[in-house]
>>> print(open('input.cif').read())   # mmCIF, C-alpha atoms, pLDDT in the B column; chains and numbers go by the auth columns
data_final
loop_
_atom_site.group_PDB
_atom_site.id
_atom_site.type_symbol
_atom_site.label_atom_id
_atom_site.label_comp_id
_atom_site.label_asym_id
_atom_site.label_seq_id
_atom_site.Cartn_x
_atom_site.Cartn_y
_atom_site.Cartn_z
_atom_site.B_iso_or_equiv
_atom_site.auth_seq_id
_atom_site.auth_asym_id
ATOM 1 C CA MET A 1 63.305 89.283 74.319 60.00 137 A
ATOM 2 C CA ILE A 2 63.399 91.090 77.638 67.00 138 A
ATOM 3 C CA VAL A 3 65.881 90.137 80.358 62.00 139 A
ATOM 4 C CA ASP A 4 64.950 91.034 83.919 63.00 140 A
ATOM 5 C CA ARG A 5 67.322 91.288 86.845 61.00 141 A
ATOM 6 C CA ILE A 6 67.697 88.139 88.850 63.00 142 A
ATOM 7 C CA GLY A 7 68.785 89.816 92.016 63.00 143 A
ATOM 8 C CA HIS A 8 70.291 92.968 93.453 64.00 144 A
ATOM 9 C CA VAL A 9 73.334 94.102 91.431 60.00 145 A
ATOM 10 C CA GLU A 10 75.477 97.031 92.530 63.00 146 A
ATOM 11 C CA PRO A 11 76.616 99.399 89.826 60.00 147 A
ATOM 12 C CA ILE A 12 80.341 99.519 89.164 60.00 148 A
ATOM 13 C CA SER A 13 82.050 102.134 91.256 59.00 149 A
ATOM 14 C CA LEU A 14 85.393 103.411 90.037 59.00 150 A
ATOM 15 C CA ASN A 15 86.173 105.157 93.307 60.00 151 A
ATOM 16 C CA ARG A 16 85.701 102.194 95.600 58.00 152 A
ATOM 17 C CA LYS A 17 88.914 100.565 96.805 61.00 153 A
ATOM 18 C CA THR A 18 89.169 96.865 97.301 61.00 154 A
ATOM 19 C CA GLY A 19 91.562 94.904 99.452 61.00 155 A
ATOM 20 C CA ARG A 20 93.807 96.304 102.133 60.00 156 A
ATOM 21 C CA SER A 21 94.719 99.937 101.993 58.00 157 A
ATOM 22 C CA GLU A 22 97.579 99.697 104.498 60.00 158 A
ATOM 23 C CA PRO A 23 100.583 97.395 104.180 60.00 159 A
ATOM 24 C CA ARG A 24 101.049 94.719 106.776 60.00 160 A
ATOM 25 C CA GLY A 25 103.547 95.555 109.438 59.00 161 A
ATOM 26 C CA GLY A 26 106.297 93.317 110.694 59.00 162 A
ATOM 27 C CA SER A 27 106.965 90.186 108.710 68.00 163 A
ATOM 28 C CA GLU A 28 107.286 91.332 105.094 78.00 164 A
ATOM 29 C CA LYS A 29 108.381 88.443 102.898 84.00 165 A
ATOM 30 C CA THR A 30 110.440 88.980 99.775 88.00 166 A
ATOM 31 C CA ASP A 31 110.812 86.758 96.761 90.00 167 A
ATOM 32 C CA THR A 32 114.214 85.224 96.095 91.00 168 A
ATOM 33 C CA ILE A 33 115.744 83.343 93.220 90.00 169 A
ATOM 34 C CA ASN A 34 118.580 80.864 93.565 92.00 170 A
ATOM 35 C CA LEU A 35 120.483 79.998 90.406 90.00 171 A
ATOM 36 C CA SER A 36 122.574 76.892 90.023 93.00 172 A
ATOM 37 C CA THR A 37 126.209 77.240 88.988 93.00 173 A
ATOM 38 C CA GLN A 38 125.286 75.537 85.723 95.00 174 A
ATOM 39 C CA ALA A 39 122.657 78.212 85.013 93.00 175 A
ATOM 40 C CA VAL A 40 125.134 80.998 85.800 93.00 176 A
ATOM 41 C CA GLU A 41 127.753 79.447 83.493 95.00 177 A
ATOM 42 C CA GLN A 42 125.222 79.095 80.686 95.00 178 A
ATOM 43 C CA ALA A 43 124.177 82.723 81.098 94.00 179 A
ATOM 44 C CA GLU A 44 127.820 83.834 80.938 95.00 180 A
ATOM 45 C CA ARG A 45 128.382 81.735 77.794 95.00 181 A
ATOM 46 C CA TYR A 46 125.287 83.277 76.223 95.00 182 A
ATOM 47 C CA GLN A 47 126.552 86.803 76.983 95.00 183 A
ATOM 48 C CA VAL A 48 129.962 86.052 75.441 94.00 184 A
ATOM 49 C CA ILE A 49 128.373 84.559 72.311 94.00 185 A
ATOM 50 C CA GLU A 50 126.108 87.601 71.908 94.00 186 A
ATOM 51 C CA LEU A 51 129.094 89.927 72.369 91.00 187 A
ATOM 52 C CA ILE A 52 131.012 88.069 69.661 89.00 188 A
ATOM 53 C CA ARG A 53 128.025 88.132 67.311 90.00 189 A
ATOM 54 C CA SER A 54 127.580 91.871 67.757 91.00 190 A
ATOM 55 C CA ALA A 55 131.278 92.662 67.143 87.00 191 A
ATOM 56 C CA PRO A 56 132.063 94.308 63.827 85.00 192 A
ATOM 57 C CA ASP A 57 133.722 92.272 61.083 85.00 193 A
ATOM 58 C CA LEU A 58 137.489 92.540 60.747 84.00 194 A
ATOM 59 C CA ASP A 59 139.005 94.529 57.901 89.00 195 A
ATOM 60 C CA GLU A 60 141.815 92.277 56.641 90.00 196 A
ATOM 61 C CA ALA A 61 143.430 95.057 54.581 92.00 197 A
ATOM 62 C CA ARG A 62 143.606 97.314 57.639 91.00 198 A
ATOM 63 C CA ILE A 63 145.188 94.517 59.705 91.00 199 A
ATOM 64 C CA VAL A 64 147.887 93.975 57.057 93.00 200 A
ATOM 65 C CA GLU A 65 148.571 97.733 56.988 93.00 201 A
ATOM 66 C CA LEU A 66 148.909 97.902 60.772 89.00 202 A
ATOM 67 C CA ARG A 67 151.237 94.886 60.866 91.00 203 A
ATOM 68 C CA GLN A 68 153.498 96.563 58.296 92.00 204 A
ATOM 69 C CA ARG A 69 153.570 99.759 60.342 88.00 205 A
ATOM 70 C CA LEU A 70 154.455 97.894 63.528 85.00 206 A
ATOM 71 C CA GLU A 71 157.321 96.097 61.784 89.00 207 A
ATOM 72 C CA ASP A 72 158.769 99.444 60.610 88.00 208 A
ATOM 73 C CA PRO A 73 161.264 100.606 63.307 84.00 209 A
ATOM 74 C CA SER A 74 160.720 104.298 62.476 85.00 210 A
ATOM 75 C CA TYR A 75 156.984 104.034 63.230 82.00 211 A
ATOM 76 C CA MET A 76 157.383 102.968 66.850 81.00 212 A
ATOM 77 C CA ASN A 77 158.248 106.209 68.641 87.00 213 A
ATOM 78 C CA ASP A 78 157.282 107.783 71.963 89.00 214 A
ATOM 79 C CA ARG A 79 154.385 109.712 70.427 90.00 215 A
ATOM 80 C CA VAL A 80 152.777 106.585 68.951 87.00 216 A
ATOM 81 C CA ILE A 81 153.334 104.557 72.134 89.00 217 A
ATOM 82 C CA GLY A 82 151.911 107.347 74.332 93.00 218 A
ATOM 83 C CA SER A 83 148.881 107.804 72.107 93.00 219 A
ATOM 84 C CA THR A 84 148.228 104.060 72.068 91.00 220 A
ATOM 85 C CA ALA A 85 148.520 103.876 75.856 93.00 221 A
ATOM 86 C CA ASP A 86 146.098 106.802 76.230 95.00 222 A
ATOM 87 C CA ASN A 87 143.577 105.129 73.907 94.00 223 A
ATOM 88 C CA ILE A 88 143.776 101.858 75.849 94.00 224 A
ATOM 89 C CA LEU A 89 143.287 103.645 79.182 94.00 225 A
ATOM 90 C CA SER A 90 140.368 105.651 77.785 93.00 226 A
ATOM 91 C CA ALA A 91 138.721 102.476 76.533 91.00 227 A
ATOM 92 C CA TRP A 92 139.015 100.798 79.929 89.00 228 A
ATOM 93 C CA PHE A 93 138.381 103.690 82.295 89.00 229 A
ATOM 94 C CA GLY A 94 136.284 106.048 80.169 75.00 230 A
#
>>> encode(input="input.cif", output="structure tokens")
Amino acid sequence: MIVDRIGHVEPISLNRKTGRSEPRGGSEKTDTINLSTQAVEQAERYQVIELIRSAPDLDEARIVELRQRLEDPSYMNDRVIGSTADNILSAWFG
């Protein structure tokens, strides 16, 4: 079977540009999105849930050990308090 051309067909040109080559001047429109307060609250809830899910599991034995240390009056000294304060500040402010 032989298929002949029906009409004039231009070959594909990779170098030919289509459409406008210069941006329109003046009234450029931008897309905007408006979210309802309900959508924002749901997004915040989702972020909190994902943060909780990604948190490491608690080590109960370590918690018991730390509680015992904190109850011991000799453990709470200026060095421990200063180190703890430094760690908290580093965690918050990098």
>>> axis_aligned_box(input="input.cif", around="segment 211-229 of chain A", padding_each_side="4 Å", output="lines of an AutoDock Vina configuration file")
center_x = 148.3
center_y = 105.3
center_z = 72.8
size_x = 27.9
size_y = 16.9
size_z = 27.1
>>> atom_distance(input="input.cif", atom1="atom CA of Arg215 of chain A", atom2="atom CA of Ala197 of chain A")
24.2 Å
>>> atom_distance(input="input.cif", atom1="atom CA of Asp195 of chain A", atom2="atom CA of Ser226 of chain A")
22.8 Å
>>> atom_distance(input="input.cif", atom1="atom CA of Ser172 of chain A", atom2="atom CA of Ile188 of chain A")
24.7 Å
>>> decode(input="input.cif", residues="segment 211-229 of chain A", atoms="N, CA and C atoms", output="tab-separated table (two decimals), in the first residue's frame")
chain	number	residue	atom	x	y	z
A	211	TYR	N	23.19	16.36	92.59
A	211	TYR	CA	23.31	16.40	91.13
A	211	TYR	C	23.07	17.80	90.59
A	212	MET	N	22.13	18.52	91.19
A	212	MET	CA	21.78	19.85	90.69
A	212	MET	C	22.82	20.86	91.19
A	213	ASN	N	23.80	21.16	90.36
A	213	ASN	CA	24.80	22.17	90.70
A	213	ASN	C	24.90	23.17	89.56
A	214	ASP	N	25.71	24.19	89.74
A	214	ASP	CA	25.82	25.26	88.74
A	214	ASP	C	26.31	24.75	87.39
A	215	ARG	N	27.20	23.76	87.40
A	215	ARG	CA	27.72	23.22	86.14
A	215	ARG	C	26.61	22.54	85.34
A	216	VAL	N	25.80	21.74	86.00
A	216	VAL	CA	24.71	21.03	85.33
A	216	VAL	C	23.67	22.02	84.83
A	217	ILE	N	23.32	22.99	85.65
A	217	ILE	CA	22.31	23.99	85.26
A	217	ILE	C	22.82	24.82	84.08
A	218	GLY	N	24.08	25.24	84.12
A	218	GLY	CA	24.65	26.02	83.02
A	218	GLY	C	24.71	25.24	81.73
A	219	SER	N	25.11	23.98	81.83
A	219	SER	CA	25.18	23.13	80.64
A	219	SER	C	23.79	22.90	80.04
A	220	THR	N	22.81	22.68	80.91
A	220	THR	CA	21.43	22.49	80.44
A	220	THR	C	20.92	23.75	79.76
A	221	ALA	N	21.18	24.90	80.36
A	221	ALA	CA	20.75	26.17	79.76
A	221	ALA	C	21.42	26.38	78.39
A	222	ASP	N	22.70	26.07	78.30
A	222	ASP	CA	23.40	26.20	77.01
A	222	ASP	C	22.80	25.28	75.95
A	223	ASN	N	22.48	24.06	76.33
A	223	ASN	CA	21.88	23.11	75.38
A	223	ASN	C	20.51	23.59	74.90
A	224	ILE	N	19.72	24.14	75.82
A	224	ILE	CA	18.39	24.65	75.43
A	224	ILE	C	18.56	25.83	74.47
A	225	LEU	N	19.44	26.76	74.78
A	225	LEU	CA	19.66	27.91	73.90
A	225	LEU	C	20.19	27.48	72.54
A	226	SER	N	21.08	26.50	72.52
A	226	SER	CA	21.61	26.01	71.24
A	226	SER	C	20.51	25.36	70.40
A	227	ALA	N	19.61	24.65	71.07
A	227	ALA	CA	18.52	24.01	70.34
A	227	ALA	C	17.57	25.04	69.73
A	228	TRP	N	17.35	26.12	70.41
A	228	TRP	CA	16.42	27.14	69.93
A	228	TRP	C	17.04	28.10	68.94
A	229	PHE	N	18.28	28.49	69.19
A	229	PHE	CA	18.90	29.56	68.39
A	229	PHE	C	20.07	29.08	67.54
